[in-house]
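Chemist: Have a look at this one.
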Amino acid sequence: MDHQPKFFENLSGTGKAIGVLTSGGDAQGMNAAVRAVVRMGIYVKAKVYFVYEGYQGMVDGGDNIVEVSWESVSSILQVGGTVIGSARCKSFRTREGRLQAAYNLVQRGITNLCVIGGDGSLTGANLFREEWSGLLEELAQKGKIDEEAVKRYAYLNIVGMVGSIDNDFCGTDMTIGTDSALHRIIEVVDAIMTTAQSHQRTFVLEVMGRHCGYLALVSALACGADWVFIPEYPPEEGWEDSMCVKLSENRARKKRLNIIIVAEGAIDCHNKPITSEKVKDLVVQRLGFDTRVTILGHVQRGGTPSAFDRILASRMGVEAVLALLEATPATPACVVSLSGNQAVRLPLMECVQMTQEVQKAMDEGRFVEAVRLRGTSFENNLNTYKLLSHKKPDAELPKTNFNVAVLNVGAPAAGMNAAVRAAVRVGITEGHKMFAVIDGFEGFARGKIKEISWGDVGGWTGQGGSILGTKRTLPAKYLEKIADQMRTNNINALMVIGGFEAYLGLLELSAAREKYDEFCVPMVMVPATVSNNVPGSDFSIGADTALNTITDTCDRIKQSASGTKRRVFIIETMGGYCGYLANMGALAAGADAAYIFEEQFDIRELQANVEHLTEKMKTSIQRGLVLRNENCNENYTTDFIYQLYSEEGKGVFDCRKNVLGHMQQGGAPSPFDRNFGTKISAKAMQWISRKLKETYRKEEGKVFANTDDSVCLLGMRRRNLVFQPVAELKTETDFVHRIPKEQWWLKLRPLMKILAKYKTSYDVSDSGQLEHVAMRSPKEAETGAI
């Protein structure tokens, strides 16, 4: 779509007042949203007010509604919960309460509200908006406000952001807080696994989600749980027997522990509750296993927000202010939400109605419908979980006589093992014989290849690094030997999980097809690298984990800097020439600047940054944080920037530097990387099965694939997972610097600058269109989103 960029400079907030409130249950990341609304509001010259304690504060007025400054939201980005408080409010449900709230807002000239909460809070806001003019008329009749005020404040604009750890709101892929809640659950599961392993125990974990099974489902997928109970998909009649058979089979396969996850709202097909205690008693009575129950409770709401939630909430907050500036009396109240990695606006009431439809379907026992209404992402999670958790008896498995090899290439990335597990299990389910190649292409050439079974990959999802071993070596110098191994082991398809080297490797193998028939087989690549620099995909497995490592480290460093005061830290991140980690890390950590290769900078910019920090030291925020990508400039090294800042900042601030190094490649994978790795890899394996059927030549009894579309990369593009021939991606690649020529996240760069108080221009061409909540057809769901 070729359009002129539209910049928000012409959207002025002068004369406007915005109120921001958090309502309903708290969620990690709410503070990041509040911070973004306040700073963006002030940036466009609007007045911004905190409404403390949600709707209760709006009704009570007084000190509960306070104008805020830029510094009011300093240091809240990394804090969980909500610093402006949230309360359930009975009086706002009455007209008298809303009348009082309207009076309090008009007194301060607030006619723009940004509400961060769940569907109840947003429905309340919409009702308030519909009644607004009536409420003002009534206030005028009672003599509380004059006719001039009725005219001047005639319309109330409302924009919602969904803050809820349950991810139970239709129309948005992820609500603010969901990813952080998954982090808490996975931390607990990982910790429990080690003790369960020691004692051969079964653990029943109860997670939150009264009406929505998202947390239970995704955490089951992310830890490879044996069984999961969710409200949208009750187990069939006789589930007690099936579950006990499954658990004892797993024990017989030498698995030392069982994990069962129960959503607090889990029900059976007669709408009767299934409690964690009931499940525990059943396992003890039937199997005599040593079983424990752990109820996670409010731990899931607590703790610091994940990098994903901070970036999501910051983007949503800025988008919400833009939506308020553009709102007219005719635009319906909207919700800003995320679809794929796109910020979108949706009519608030359409989303609320759809969310209520799900509950209605569940109440009426229409469970298939309930799952469909939850959206494609939920449906795909459920299907992938079913595919990977239950192994069919060998007799029921199809036999294709195809052999498929899986290998890791490049540097280790957290989530690679989850991808290998998914590939192996889906391959076995599809009837193939699966082979694991140890140590990448180098190991392949040396014949380090062995058959791998369903049980071999048990417990792999939570392991960091690469269990198969990985090397950066490219195949070009081993072509002869690799072809020999493919022939000896009769390998009919290849799945390569890795970074830029994996992409180069596939290009080399497909170029060698003319000489070696062995390479005329379907090949697919799944992107896995912390650098997130693979063309054809917006995200790579491992990048989210690395981003969380960077964010956690920056939080600690900022804490140290606030203690010593007047200190600036310069932090070097990985990424090769790709600035993704530095840029997104800066956005998630609230940094003052990020130097990246993609945006050239010179000494004048460095000087401007020093001056900016000097000004900042005069305020109450006496610390600075600067991120630098390792290859952003060969002359302005981390040491150079450190020395320049030290010299220029003499007497105003002192400087420290920190190179994060390989810790960014290590650690247990984040829930996002486990889930993304599992789903993308399962999809890639299904593609291999389709290609094997298409390219099998019956008369010759062999697979022969030599077209471009038989060597593909599976990537996430905007909202969908797409298979792209690697040959076609060549034109999109800068091979010298090993990065894609166009990168979506560069559009978020001005966001970081705005939130750090720099003047900049921000292209808002992508935002501003109100979309409708669309239900996708099953066919679209199959090919589309993850």
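Ordering of the structure tokens sets the chain letters (A, B, ...), residue numbers begin anew at 1 in every chain, and ligands are numbered from 1 in the order given.
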Report as a PyMOL selection string all protein, DNA and RNA residues lying within 10 Å of Lys753 in chain A, evaluated on only C-alpha atoms, omitting residues in the same chain fewer than 5 positions from it.
Modeler: chain A and resi 586-587+590-594+748+758-762
Chemist: May I have the residues from that selection written out with C-alpha atoms, as a short mmCIF file (atom, residue, chain, number, x, y, z; two decimals), in the first residue's frame?
Modeler:
data_model
loop_
_atom_site.label_atom_id
_atom_site.label_comp_id
_atom_site.auth_asym_id
_atom_site.auth_seq_id
_atom_site.Cartn_x
_atom_site.Cartn_y
_atom_site.Cartn_z
CA ALA A 586 15.50 0.63 25.48
CA LEU A 587 11.72 0.87 25.08
CA GLY A 590 12.80 3.25 29.75
CA ALA A 591 16.24 4.21 28.43
CA ASP A 592 17.26 7.71 27.34
CA ALA A 593 18.84 6.66 24.05
CA ALA A 594 19.69 3.60 21.96
CA LEU A 748 8.61 2.04 17.08
CA TYR A 758 13.01 14.00 22.70
CA LYS A 759 11.27 15.95 19.96
CA THR A 760 10.75 13.66 17.00
CA SER A 761 8.29 12.89 14.24
CA TYR A 762 6.18 9.76 14.47
#
Chemist: Taking the backbone alone, and naming residues the way the document does, which bits of range 190-221 of chain A are helix (DSSP H, G or I) by DSSP, as number ranges by chain?
Modeler: A: 190-199, 214-221
Chemist: Just all heavy atoms for this one: save the residues we selected as a CSV table (one decimal), in the first residue's frame.
Modeler:
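Contents of selection-v2.csv, freshly written:
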chain,number,residue,atom,x,y,z
A,190,ASP,N,8.7,-24.5,36.6
A,190,ASP,CA,10.1,-24.9,36.4
A,190,ASP,C,10.7,-25.3,37.8
A,190,ASP,O,11.4,-26.3,37.9
A,190,ASP,CB,10.9,-23.8,35.8
A,190,ASP,CG,10.7,-23.6,34.3
A,190,ASP,OD1,9.9,-24.5,33.8
A,190,ASP,OD2,11.2,-22.7,33.7
A,191,ALA,N,10.3,-24.5,38.8
A,191,ALA,CA,10.8,-24.8,40.2
A,191,ALA,C,10.3,-26.1,40.7
A,191,ALA,O,10.9,-26.9,41.3
A,191,ALA,CB,10.5,-23.6,41.1
A,192,ILE,N,9.0,-26.3,40.5
A,192,ILE,CA,8.3,-27.5,41.0
A,192,ILE,C,8.8,-28.8,40.3
A,192,ILE,O,8.9,-29.8,40.8
A,192,ILE,CB,6.8,-27.4,40.8
A,192,ILE,CG1,6.2,-26.6,42.0
A,192,ILE,CG2,6.1,-28.7,40.7
A,192,ILE,CD1,4.8,-26.2,41.9
A,193,MET,N,9.1,-28.6,39.0
A,193,MET,CA,9.6,-29.8,38.2
A,193,MET,C,10.8,-30.4,38.8
A,193,MET,O,10.9,-31.6,38.9
A,193,MET,CB,9.9,-29.4,36.8
A,193,MET,CG,8.6,-29.4,35.9
A,193,MET,SD,9.0,-29.1,34.2
A,193,MET,CE,7.6,-29.8,33.4
A,194,THR,N,11.8,-29.6,39.4
A,194,THR,CA,13.0,-30.2,39.9
A,194,THR,C,12.6,-31.0,41.2
A,194,THR,O,13.2,-32.1,41.4
A,194,THR,CB,14.0,-29.1,40.3
A,194,THR,OG1,13.4,-28.1,41.0
A,194,THR,CG2,14.6,-28.5,39.0
A,195,THR,N,11.7,-30.5,42.0
A,195,THR,CA,11.4,-31.3,43.2
A,195,THR,C,10.6,-32.5,42.9
A,195,THR,O,10.8,-33.6,43.5
A,195,THR,CB,10.8,-30.4,44.3
A,195,THR,OG1,10.2,-31.3,45.3
A,195,THR,CG2,9.7,-29.5,43.8
A,196,ALA,N,9.7,-32.4,41.9
A,196,ALA,CA,8.8,-33.5,41.6
A,196,ALA,C,9.7,-34.6,41.0
A,196,ALA,O,9.5,-35.8,41.2
A,196,ALA,CB,7.8,-33.0,40.5
A,197,GLN,N,10.7,-34.2,40.2
A,197,GLN,CA,11.6,-35.2,39.6
A,197,GLN,C,12.4,-36.0,40.7
A,197,GLN,O,12.5,-37.2,40.5
A,197,GLN,CB,12.7,-34.3,38.8
A,197,GLN,CG,13.5,-35.0,37.8
A,197,GLN,CD,12.8,-34.9,36.4
A,197,GLN,OE1,12.3,-33.9,36.1
A,197,GLN,NE2,12.9,-36.0,35.6
A,198,SER,N,12.7,-35.3,41.8
A,198,SER,CA,13.5,-36.0,42.8
A,198,SER,C,12.7,-37.1,43.5
A,198,SER,O,13.2,-38.1,43.9
A,198,SER,CB,13.9,-35.0,43.9
A,198,SER,OG,14.5,-33.8,43.3
A,199,HIS,N,11.4,-36.8,43.7
A,199,HIS,CA,10.5,-37.7,44.5
A,199,HIS,C,9.6,-38.5,43.7
A,199,HIS,O,8.7,-39.1,44.2
A,199,HIS,CB,9.7,-36.9,45.5
A,199,HIS,CG,10.6,-36.2,46.5
A,199,HIS,ND1,11.1,-36.8,47.6
A,199,HIS,CD2,11.1,-34.9,46.6
A,199,HIS,CE1,11.8,-36.0,48.3
A,199,HIS,NE2,11.8,-34.8,47.7
A,214,TYR,N,-7.1,-19.5,29.1
A,214,TYR,CA,-5.9,-19.1,28.4
A,214,TYR,C,-4.6,-19.4,29.1
A,214,TYR,O,-3.7,-20.0,28.7
A,214,TYR,CB,-6.0,-17.6,27.9
A,214,TYR,CG,-4.8,-17.2,27.1
A,214,TYR,CD1,-4.8,-17.4,25.7
A,214,TYR,CD2,-3.6,-16.8,27.6
A,214,TYR,CE1,-3.7,-17.1,24.9
A,214,TYR,CE2,-2.5,-16.4,26.8
A,214,TYR,CZ,-2.6,-16.6,25.5
A,214,TYR,OH,-1.5,-16.3,24.7
A,215,LEU,N,-4.6,-18.9,30.4
A,215,LEU,CA,-3.3,-19.1,31.2
A,215,LEU,C,-3.0,-20.6,31.4
A,215,LEU,O,-1.9,-21.0,31.3
A,215,LEU,CB,-3.5,-18.4,32.6
A,215,LEU,CG,-3.5,-16.9,32.6
A,215,LEU,CD1,-3.6,-16.4,34.0
A,215,LEU,CD2,-2.2,-16.3,32.0
A,216,ALA,N,-4.1,-21.4,31.7
A,216,ALA,CA,-3.9,-22.8,31.9
A,216,ALA,C,-3.4,-23.5,30.6
A,216,ALA,O,-2.4,-24.3,30.6
A,216,ALA,CB,-5.2,-23.4,32.4
A,217,LEU,N,-4.0,-23.1,29.5
A,217,LEU,CA,-3.7,-23.8,28.3
A,217,LEU,C,-2.3,-23.4,27.8
A,217,LEU,O,-1.5,-24.3,27.4
A,217,LEU,CB,-4.7,-23.3,27.2
A,217,LEU,CG,-4.6,-23.8,25.8
A,217,LEU,CD1,-4.6,-25.4,25.8
A,217,LEU,CD2,-5.6,-23.3,24.9
A,218,VAL,N,-1.9,-22.2,27.8
A,218,VAL,CA,-0.6,-21.8,27.3
A,218,VAL,C,0.5,-22.3,28.3
A,218,VAL,O,1.5,-22.7,27.8
A,218,VAL,CB,-0.5,-20.3,27.1
A,218,VAL,CG1,0.9,-19.8,26.7
A,218,VAL,CG2,-1.5,-19.9,26.0
A,219,SER,N,0.2,-22.3,29.6
A,219,SER,CA,1.3,-22.8,30.5
A,219,SER,C,1.4,-24.3,30.3
A,219,SER,O,2.5,-24.8,30.4
A,219,SER,CB,1.1,-22.3,31.9
A,219,SER,OG,-0.3,-22.5,32.3
A,220,ALA,N,0.3,-25.0,30.0
A,220,ALA,CA,0.4,-26.4,29.8
A,220,ALA,C,1.2,-26.7,28.5
A,220,ALA,O,2.1,-27.6,28.5
A,220,ALA,CB,-1.0,-27.0,29.6
A,221,LEU,N,1.0,-25.8,27.5
A,221,LEU,CA,1.8,-26.0,26.3
A,221,LEU,C,3.2,-25.7,26.5
A,221,LEU,O,4.1,-26.3,26.0
A,221,LEU,CB,1.2,-25.0,25.3
A,221,LEU,CG,1.5,-25.1,23.8
A,221,LEU,CD1,1.1,-26.5,23.3
A,221,LEU,CD2,0.7,-24.0,23.0
Chemist: To one decimal place, how far is CA of Lys386 in chain A from CA of Glu264 in chain A in Å?
Modeler: 20.3 Å
Chemist: Using only C-alpha atoms, which protein or nucleic acid residues come within 10 Å of Lys683 in chain A? Drop anything in the same chain fewer than 2 positions from it, and give the result as a list of chain:residue names.
Modeler: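 Once the adjacent positions are removed, what remains is A:Thr384, A:Ala422, A:Ala423, A:Val426, A:Val526, A:Thr678, A:Lys679, A:Ile680, A:Ser681, A:Met685, A:Gln686, A:Trp687, A:Ile688, A:Leu714, A:Leu721, A:Phe723, A:Glu782, A:Thr783, A:Ile786.
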Chemist: Which residue, A:Gly542, A:Gly109, A:Gly124, A:Gly134, has the smallest gap to Pro669 in chain A when you use only C-alpha atoms?
Modeler: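 Among the listed residues, A:Gly542 lies closest to Pro669 in chain A.
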Chemist: Could you pull out the residues in range 417-662 of chain A that DSSP calls strand (DSSP E) from the backbone, as a PyMOL selection string?
Modeler: chain A and resi 433-437+449-451+493-498+523-527+567-573+593-595+623-629+654-659
